[in-house]
Structures are given as C-alpha cells and as structure tokens.
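> Sharing a structure with you now.
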Amino acid sequence: MDNSKKVLLIRNARQLLTMEGDHNNDIGLIEGGSVLIRDGLIEAAGKAAEIDKLAEKLKAEGTEVETIDASRKVVLPGFIDCHTHVTFGGSRVAAYSISVTDDNPETLVKKGIPTGIYASVNMTVNLPKEELKAQTKRRLENMFMNGTTTLEGKSGYGLTMESEIRMLEVNRELNAELPLDIFSTFLGAHGWTEGMKKEDYIELLCKEMIPRVAEEKLAGCNDIWCDEGHYTAKECETVLAAGRDYGLAPRIHTDAYSYIGGSDLAADMHMLSADHLNYTPVDVFQKLKDADVTGVLLVGTDFAVNHAKQVNPRPMLEIGMDLGLATNCCPGCWCESMIFILVLACRQHGFTPEEALRAATKGAAKAMGLKDRGSLTPGKMADLLILDTDTYEDLIYKYGRNPIETIIKKGKVAAQGGILCI
C-alpha cells in the first residue's frame, strides 16, 4: 500500500504526556490517551475513544492503520538534550577518579595528570577524524537508547580553525547516519588557542572562523563562555554579535562560577538561552524572562564537579521563566542519560517531576529555537517514547534503570526492546 495512505496509531496509553499548556509545570497529562501519526508528524493526540474514531474513519477511507498497543504504558515526547559537548576525544577518568576524594588541583599536578579544557583539546586535536567520529558515535547511540531524540552538539575542543571545523563536520556526518537529530553550535570561544593572545583569537573568531562556519552551514548557533578567567561580557558581545551578523543565533555559558554580566547580556541580546546560571542574581531572572530567554540548567555538572553553589531553579520557576534541562555531556560531565538528569533535577535541585519533564522536552526545544518538536501537538514531529512503567513519576523514583520500551523517531519505530531498528 502507498505509504502516504498509512498511519501509525499508538493506542490507549495508561498515561499520555502531551506537554501542552503554557506553564512550566504543564505536562498535558491524559489518562487513557492515544496518538495518531501520519507522514512523520502528529496528526492527533487525545482520549483513546476520540482517536479511535479518527482511526476508524481513516480505515473506511482506505488508509492502512498500524497499531501499537500502549496499554499499561506511559507515552511522552522524546527527550531533547539542549546542551552537550558530545564531540570530543579521549577521557579524563584519571583526574575525575582522584577528584572524588581529593579536590586539591596540586595533587593532579604532582601526579602529572592533565585536566580541564586544554587536556581535552589536546586529546581531541591529536585524534584522527575517523576515531573522533567513532568515539562520538558510541556516545550518541547510547544517548538515543536512553530516550534522547534530538540534541545540540557543540564544538569547542579544537580552538583552531582546522580542528573546530573538523568537530562540526563529524556532527554533520553523524546526523546523517544516526536516527537522532543533531543541531550543531559553534563554540570556538570555549577558550582560546594556547600561546595566542586572547584579543588576537577574538579577531580570528570574528573575521575568519565564524564566517567559514556560516559559509559551510556547519552550525546554527554561536556560543561563548562568560566567566572570570574566560571571556568578559564585553568580549562576549563582540563575538556573539559577529555570529549574529552571519546568521548564527547567540547562546551563552554564563554565571557558572561567577557573575560578571553574562546573563544581563543574554537578556539584552535576546539570546536563545543562558546556560548554567549558578551565580545569577535573582533580579536578573526577571530580565531573562521578559526577554524570552530560556534558562538551561546543567544539574549533571553540579553533581560531577560537586559544585560549591548548586543552581537553584525555584526562583526561576516561580516567576514563570522557561527552563531547559540537559546532560552537558562532556569530558568533565560524562553523562549520556537524560533520565539520570531528571533524577538529579528532582532530588538534588527541587524540581517537581512535572517541571523536570517539561524542561527536558518542550523547554529544551525552546532553548534550541525548535518549534517543530518537544510536545505531542498536531503538526509537530512525531518523536515519542513508550515507557514500560506504571507512571511517569517512576522516571525519578525507580532510578538506575531504563524503562524505555519503544522509541519512535519521525513517526517510525527506531528502537524497541533496547535494539536499534533503523
């Protein structure tokens, strides 16, 4: 039969989470819900009886309806991981293993163990492209099997024209080969080339690197790290404005370890997102909300580094600010599971399960500027998870397990029972 006359019906879920609603705790819960999918898009979502009528009408018109029985299951949108550095080489496991009992940096120096961004830069730039791609692919496959159907992947462990371009090329190649969608962000301003003056590197970023990234359509966003010892707010404005001139939407790492005006800049420039926000003053949250900037909270990083000032989402949530959650998968926070991030967000940071799920789907989509996914709304992309569990709250209660039975990507079954199907 012609595929254009074929639809997929996910029927009679114990709980269907559409993420519909305007508030940051709305999950659009429907008990006994169904979803109808056509041509990779959501056709309808609602009570099973209502969707059954639509399905029967389609059958009468000659449309083939394939049915997945979701009885006693939970159905929700695929997770959107809106902040990752997933493309990198090597591992900093030796440094991490020591840090869990000894956080004195001098210990690592004495043992000759490199750490930090530049350790990963060296491991990444010295890796052949195919090996970099293979290492990244393994992480991405695991992220997909843990429910991530869309993610943002940054460059930033190259800090030279050649290596930054290579990272973005790896992202583009893997986006074509894997079932999940990868949206690249240029993070040439993660640091600067060792031995080069920062002002000279900024000039290289603005006049050569950003134009080439834009010309080759390797990224849609431009990011920078605004913190003490990294880039000042004024320097960030220069780099992000240059990116915007070339069509790259601005995002910013800011207030992770200090407050030097990066979050104010995010509001002033109406950026897509401001990420980290550990040290952001409470009064700046209203500025971010008024500027429609999404706050992306990286609770996995707070856990991995045992952060001295854990990010507090409650003031942001109480004023109705849109939030996203992300793994920040990187050498310093090697997390491949959005489910684990939900657990941390709720137990360690005071999210409710509803707030966390909203941030991991619809909020994360907004942080990436994506309007075609993140909720089970008619016309949006049919990226769904079917969970073999009693209630959505089990995602944070029954931790240390993966309850995902089926992953549907663009309307097709992409994984089932822990096995990739496409």
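Lettering and numbering for the structure tokens are positional, with chains as A, B, ... in the shown order, residues counted from 1 in each chain, and ligands counted from 1 in the shown order.
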Applying 6 Å and only C-alpha atoms, which residues near region 404-416 of chain A remain after dropping the ones on its own chain fewer than 6 positions away? List them as a list of chain:residue names.

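The neighbour list is A:Gly40, A:Met381, A:Ala382, A:Asp383, A:Leu384, A:Leu385, A:Ile386, A:Leu387, A:Asp388, A:Ile422.
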
> Could you dump the residues just selected with N, CA, C and O atoms as an mmCIF file, in the first residue's frame?


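This went into result_14.cif:
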```
data_model
loop_
_atom_site.group_PDB
_atom_site.id
_atom_site.type_symbol
_atom_site.label_atom_id
_atom_site.label_comp_id
_atom_site.auth_asym_id
_atom_site.auth_seq_id
_atom_site.Cartn_x
_atom_site.Cartn_y
_atom_site.Cartn_z
ATOM 1 N N GLY A 40 5.236 11.122 9.525
ATOM 2 C CA GLY A 40 6.242 11.547 10.485
ATOM 3 C C GLY A 40 5.813 12.649 11.420
ATOM 4 O O GLY A 40 6.616 13.126 12.227
ATOM 5 N N MET A 381 6.696 17.187 14.956
ATOM 6 C CA MET A 381 7.395 15.948 14.645
ATOM 7 C C MET A 381 7.016 14.842 15.622
ATOM 8 O O MET A 381 6.929 15.061 16.824
ATOM 9 N N ALA A 382 6.812 13.652 15.066
ATOM 10 C CA ALA A 382 6.397 12.508 15.879
ATOM 11 C C ALA A 382 7.618 11.790 16.446
ATOM 12 O O ALA A 382 8.037 10.739 15.967
ATOM 13 N N ASP A 383 8.211 12.384 17.477
ATOM 14 C CA ASP A 383 9.300 11.782 18.245
ATOM 15 C C ASP A 383 8.726 11.424 19.608
ATOM 16 O O ASP A 383 8.390 12.307 20.396
ATOM 17 N N LEU A 384 8.593 10.118 19.879
ATOM 18 C CA LEU A 384 7.928 9.672 21.103
ATOM 19 C C LEU A 384 8.685 8.558 21.790
ATOM 20 O O LEU A 384 9.428 7.805 21.145
ATOM 21 N N LEU A 385 8.443 8.440 23.088
ATOM 22 C CA LEU A 385 8.939 7.337 23.892
ATOM 23 C C LEU A 385 7.756 6.587 24.482
ATOM 24 O O LEU A 385 6.786 7.202 24.939
ATOM 25 N N ILE A 386 7.841 5.255 24.466
ATOM 26 C CA ILE A 386 6.853 4.421 25.140
ATOM 27 C C ILE A 386 7.573 3.731 26.298
ATOM 28 O O ILE A 386 8.539 2.984 26.087
ATOM 29 N N LEU A 387 7.118 4.016 27.511
ATOM 30 C CA LEU A 387 7.771 3.509 28.707
ATOM 31 C C LEU A 387 6.989 2.343 29.286
ATOM 32 O O LEU A 387 5.772 2.424 29.463
ATOM 33 N N ASP A 388 7.702 1.280 29.616
ATOM 34 C CA ASP A 388 7.091 0.132 30.284
ATOM 35 C C ASP A 388 7.169 0.374 31.784
ATOM 36 O O ASP A 388 8.011 -0.175 32.498
ATOM 37 N N ILE A 422 16.547 0.936 13.019
ATOM 38 C CA ILE A 422 16.870 1.639 11.774
ATOM 39 C C ILE A 422 18.297 2.159 11.843
ATOM 40 O O ILE A 422 18.887 2.234 12.900
#
```

> As a list in words, please: the residues near region 148-164 of chain A (cut-off 6 Å, only C-alpha atoms, same-chain neighbours under 6 positions excluded).

Gly78, Phe79, Ile80, Asp81, Cys82, His83, Thr84, His85, Val86, Val121, Val125, Leu180, Asp181, Ile182, Phe183, Ser184, Thr185, Phe186, Leu187, Gly188, His190, Trp192 and Thr193 of chain A

> Quick one: residues within 6 Å of region 351-356 of chain A, only C-alpha atoms, excluding same-chain residues fewer than 2 positions away - as a list of chain:residue names?

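Residues meeting the cut-off are A:Asn24, A:Asn25, A:Leu342, A:Ala345, A:Cys346, A:His349, A:Arg358, A:Ala359.
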
> Quick one: residues within 8 Å of Gly89 (chain A), only C-alpha atoms counted, chain neighbours fewer than 2 positions away excluded, as a list in words?

Thr87, Ser91, Ser120, Met123, Thr124, Val125, Leu127, Leu132, Gln135 and Thr136 of chain A

> Just the selected residues (all heavy atoms), exported as a tab-separated table (two decimals), in the first residue's frame, please.


```
chain	number	residue	atom	x	y	z
A	87	THR	N	31.04	15.84	21.15
A	87	THR	CA	32.11	15.54	20.20
A	87	THR	C	33.46	15.91	20.81
A	87	THR	O	33.83	17.08	20.88
A	87	THR	CB	31.89	16.31	18.89
A	87	THR	OG1	30.55	16.07	18.43
A	87	THR	CG2	32.87	15.87	17.81
A	91	SER	N	39.60	10.71	27.35
A	91	SER	CA	38.89	10.60	28.63
A	91	SER	C	39.72	11.28	29.72
A	91	SER	O	40.95	11.25	29.68
A	91	SER	CB	38.69	9.13	28.97
A	91	SER	OG	38.32	8.96	30.33
A	120	SER	N	41.51	18.14	27.27
A	120	SER	CA	40.62	17.55	26.27
A	120	SER	C	40.90	18.10	24.87
A	120	SER	O	40.75	17.37	23.88
A	120	SER	CB	39.16	17.80	26.65
A	120	SER	OG	38.83	17.05	27.80
A	123	MET	N	43.72	16.04	23.55
A	123	MET	CA	43.30	14.69	23.20
A	123	MET	C	42.43	14.67	21.94
A	123	MET	O	42.44	13.71	21.17
A	123	MET	CB	42.54	14.05	24.37
A	123	MET	CG	43.44	13.62	25.52
A	123	MET	SD	42.56	12.72	26.82
A	123	MET	CE	41.95	14.06	27.83
A	124	THR	N	41.70	15.76	21.71
A	124	THR	CA	40.80	15.82	20.56
A	124	THR	C	41.55	16.16	19.28
A	124	THR	O	41.35	15.50	18.24
A	124	THR	CB	39.69	16.85	20.82
A	124	THR	OG1	38.96	16.47	21.99
A	124	THR	CG2	38.72	16.92	19.63
A	125	VAL	N	42.42	17.16	19.33
A	125	VAL	CA	43.08	17.59	18.09
A	125	VAL	C	44.09	16.55	17.61
A	125	VAL	O	44.39	16.50	16.41
A	125	VAL	CB	43.78	18.96	18.27
A	125	VAL	CG1	42.77	20.03	18.65
A	125	VAL	CG2	44.89	18.89	19.32
A	127	LEU	N	43.60	13.35	17.60
A	127	LEU	CA	42.89	12.13	17.24
A	127	LEU	C	42.51	12.17	15.77
A	127	LEU	O	41.99	13.19	15.29
A	127	LEU	CB	41.62	12.03	18.09
A	127	LEU	CG	41.00	10.67	18.35
A	127	LEU	CD1	41.97	9.76	19.10
A	127	LEU	CD2	39.71	10.85	19.16
A	132	LEU	N	37.73	10.07	16.15
A	132	LEU	CA	36.88	11.04	16.83
A	132	LEU	C	35.41	10.75	16.53
A	132	LEU	O	34.57	10.77	17.43
A	132	LEU	CB	37.24	12.45	16.38
A	132	LEU	CG	36.36	13.59	16.91
A	132	LEU	CD1	36.44	13.67	18.43
A	132	LEU	CD2	36.75	14.93	16.27
A	135	GLN	N	34.29	7.48	18.41
A	135	GLN	CA	34.07	7.69	19.85
A	135	GLN	C	32.77	8.47	20.09
A	135	GLN	O	31.99	8.14	20.99
A	135	GLN	CB	35.25	8.45	20.46
A	135	GLN	CG	36.54	7.63	20.53
A	135	GLN	CD	37.64	8.36	21.29
A	135	GLN	OE1	37.40	9.31	22.02
A	135	GLN	NE2	38.87	7.89	21.11
A	136	THR	N	32.55	9.49	19.27
A	136	THR	CA	31.34	10.30	19.41
A	136	THR	C	30.09	9.47	19.08
A	136	THR	O	29.07	9.57	19.76
A	136	THR	CB	31.42	11.53	18.50
A	136	THR	OG1	32.61	12.27	18.81
A	136	THR	CG2	30.21	12.43	18.68
```

> Quick one: residues within 8 Å of Leu395 (chain A), only C-alpha atoms counted, chain neighbours fewer than 3 positions away excluded, as a short mmCIF file (atom, residue, chain, number, x, y, z; two decimals) with N, CA and C atoms, in the first residue's frame?


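What follows is the written file around-v9.cif:
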```cif
data_model
loop_
_atom_site.label_atom_id
_atom_site.label_comp_id
_atom_site.auth_asym_id
_atom_site.auth_seq_id
_atom_site.Cartn_x
_atom_site.Cartn_y
_atom_site.Cartn_z
N ILE A 339 17.52 10.59 31.55
CA ILE A 339 16.76 10.05 32.68
C ILE A 339 17.50 10.34 33.98
N LEU A 342 16.96 13.87 34.99
CA LEU A 342 15.66 14.07 35.65
C LEU A 342 15.74 13.70 37.13
N VAL A 343 16.42 12.60 37.42
CA VAL A 343 16.58 12.17 38.82
C VAL A 343 17.30 13.24 39.63
N TYR A 392 4.57 8.15 35.00
CA TYR A 392 5.72 8.97 34.60
C TYR A 392 6.63 9.29 35.77
N LYS A 398 12.19 5.14 40.28
CA LYS A 398 12.88 3.87 40.02
C LYS A 398 14.15 4.16 39.23
N TYR A 399 15.11 4.77 39.90
CA TYR A 399 16.31 5.21 39.19
C TYR A 399 17.32 4.07 39.04
N PRO A 403 13.51 2.44 31.50
CA PRO A 403 12.19 1.86 31.26
C PRO A 403 11.69 2.01 29.82
#
```

> Which neighbours of region 112-119 of chain A fall inside 7 Å, counting only C-alpha atoms, when residues of the same chain fewer than 4 positions from it are skipped, and could you give them as a VMD selection string?

chain A and resid 92 95 108 123

> For Arg139 (chain A), work out the shell of residues within 10 Å, counting only C-alpha atoms and skipping chain neighbours fewer than 6 positions away, then give it as a list in words.

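The contact residues come out as Val86, Thr87, Cys329, Trp334, Cys335, Glu336 and Ser337 of chain A.
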
> From a DSSP pass on the backbone, collect the residues of region 277-337 of chain A flagged as strand (DSSP E or B) and hand them back as number ranges by chain.

A: 294-297, 323-325, 330, 333

> Next, the residues of the selection above should be written as a PDB file, in the first residue's frame with C-alpha atoms.


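Result file is selection-v3.pdb:
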```pdb
ATOM      1  CA  THR A 294      15.330  30.180  28.205  1.00  0.00           C
ATOM      2  CA  GLY A 295      17.485  29.207  31.159  1.00  0.00           C
ATOM      3  CA  VAL A 296      19.310  25.908  30.642  1.00  0.00           C
ATOM      4  CA  LEU A 297      20.281  24.257  33.921  1.00  0.00           C
ATOM      5  CA  LEU A 323      13.732  26.314  31.604  1.00  0.00           C
ATOM      6  CA  GLY A 324      15.549  23.537  29.801  1.00  0.00           C
ATOM      7  CA  LEU A 325      17.474  20.603  31.233  1.00  0.00           C
ATOM      8  CA  CYS A 330      31.478  16.363  28.024  1.00  0.00           C
ATOM      9  CA  CYS A 333      30.493  15.569  32.999  1.00  0.00           C
TER      10      CYS A 333
END
```

> Using DSSP on the backbone coordinates, identify all residues within region 31-228 of chain A classified as helix (DSSP H, G or I); present the result as number ranges by chain.

A: 48-60, 93-99, 105-111, 117-125, 129-145, 161-177, 198-215

> Rounded to one decimal place, report the CA of Val293 (chain A)-CA of Ala256 (chain A) distance in Å.

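CA of Val293 (chain A) sits 16.7 Å away from CA of Ala256 (chain A).
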
> Closest to Tyr397 (chain A) among A:Arg347, A:Arg11, A:Lys217, A:Lys207, using only C-alpha atoms?

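Residue with the minimum atom-to-atom distance to Tyr397 (chain A): A:Arg347.
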
> Between A:Ala267, A:Ala94, A:Ala214, A:Ala364, single out the one closest to Gly332 (chain A), counting only C-alpha atoms.

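When distances to Gly332 (chain A) are compared using only C-alpha atoms, the smallest one comes from A:Ala94.
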
> Tell me which of A:Arg373, A:Gly62, A:Ala326, A:Phe303 sits closest to Leu76 (chain A), counting only C-alpha atoms.

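Checking each candidate against Leu76 (chain A), we get A:Arg373 as the closest.
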
> Which is closest to Gln15 (chain A) among A:Glu237, A:Asn146, A:Gly191, A:Glu393, if we use only C-alpha atoms?

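For Gln15 (chain A), the nearest of the given residues is A:Glu393.
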
> What is the CA of Lys380 (chain A) to CA of Glu64 (chain A) distance in Å?

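Result for CA of Lys380 (chain A) versus CA of Glu64 (chain A): 21.1 Å, one decimal.
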
> Smallest atom-to-atom distance to Leu16 (chain A): which of A:Glu66, A:Glu31, A:Asp200, A:Glu56, using only C-alpha atoms?

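Distance minimum relative to Leu16 (chain A) lands on A:Glu31.
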
> Could you tell me which of A:Gly33, A:Gly229, A:Pro179, A:Gly28 comes closest to Asp69 (chain A) if we count only C-alpha atoms?

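Looking only at the distances to Asp69 (chain A), the closest residue turns out to be A:Gly33.
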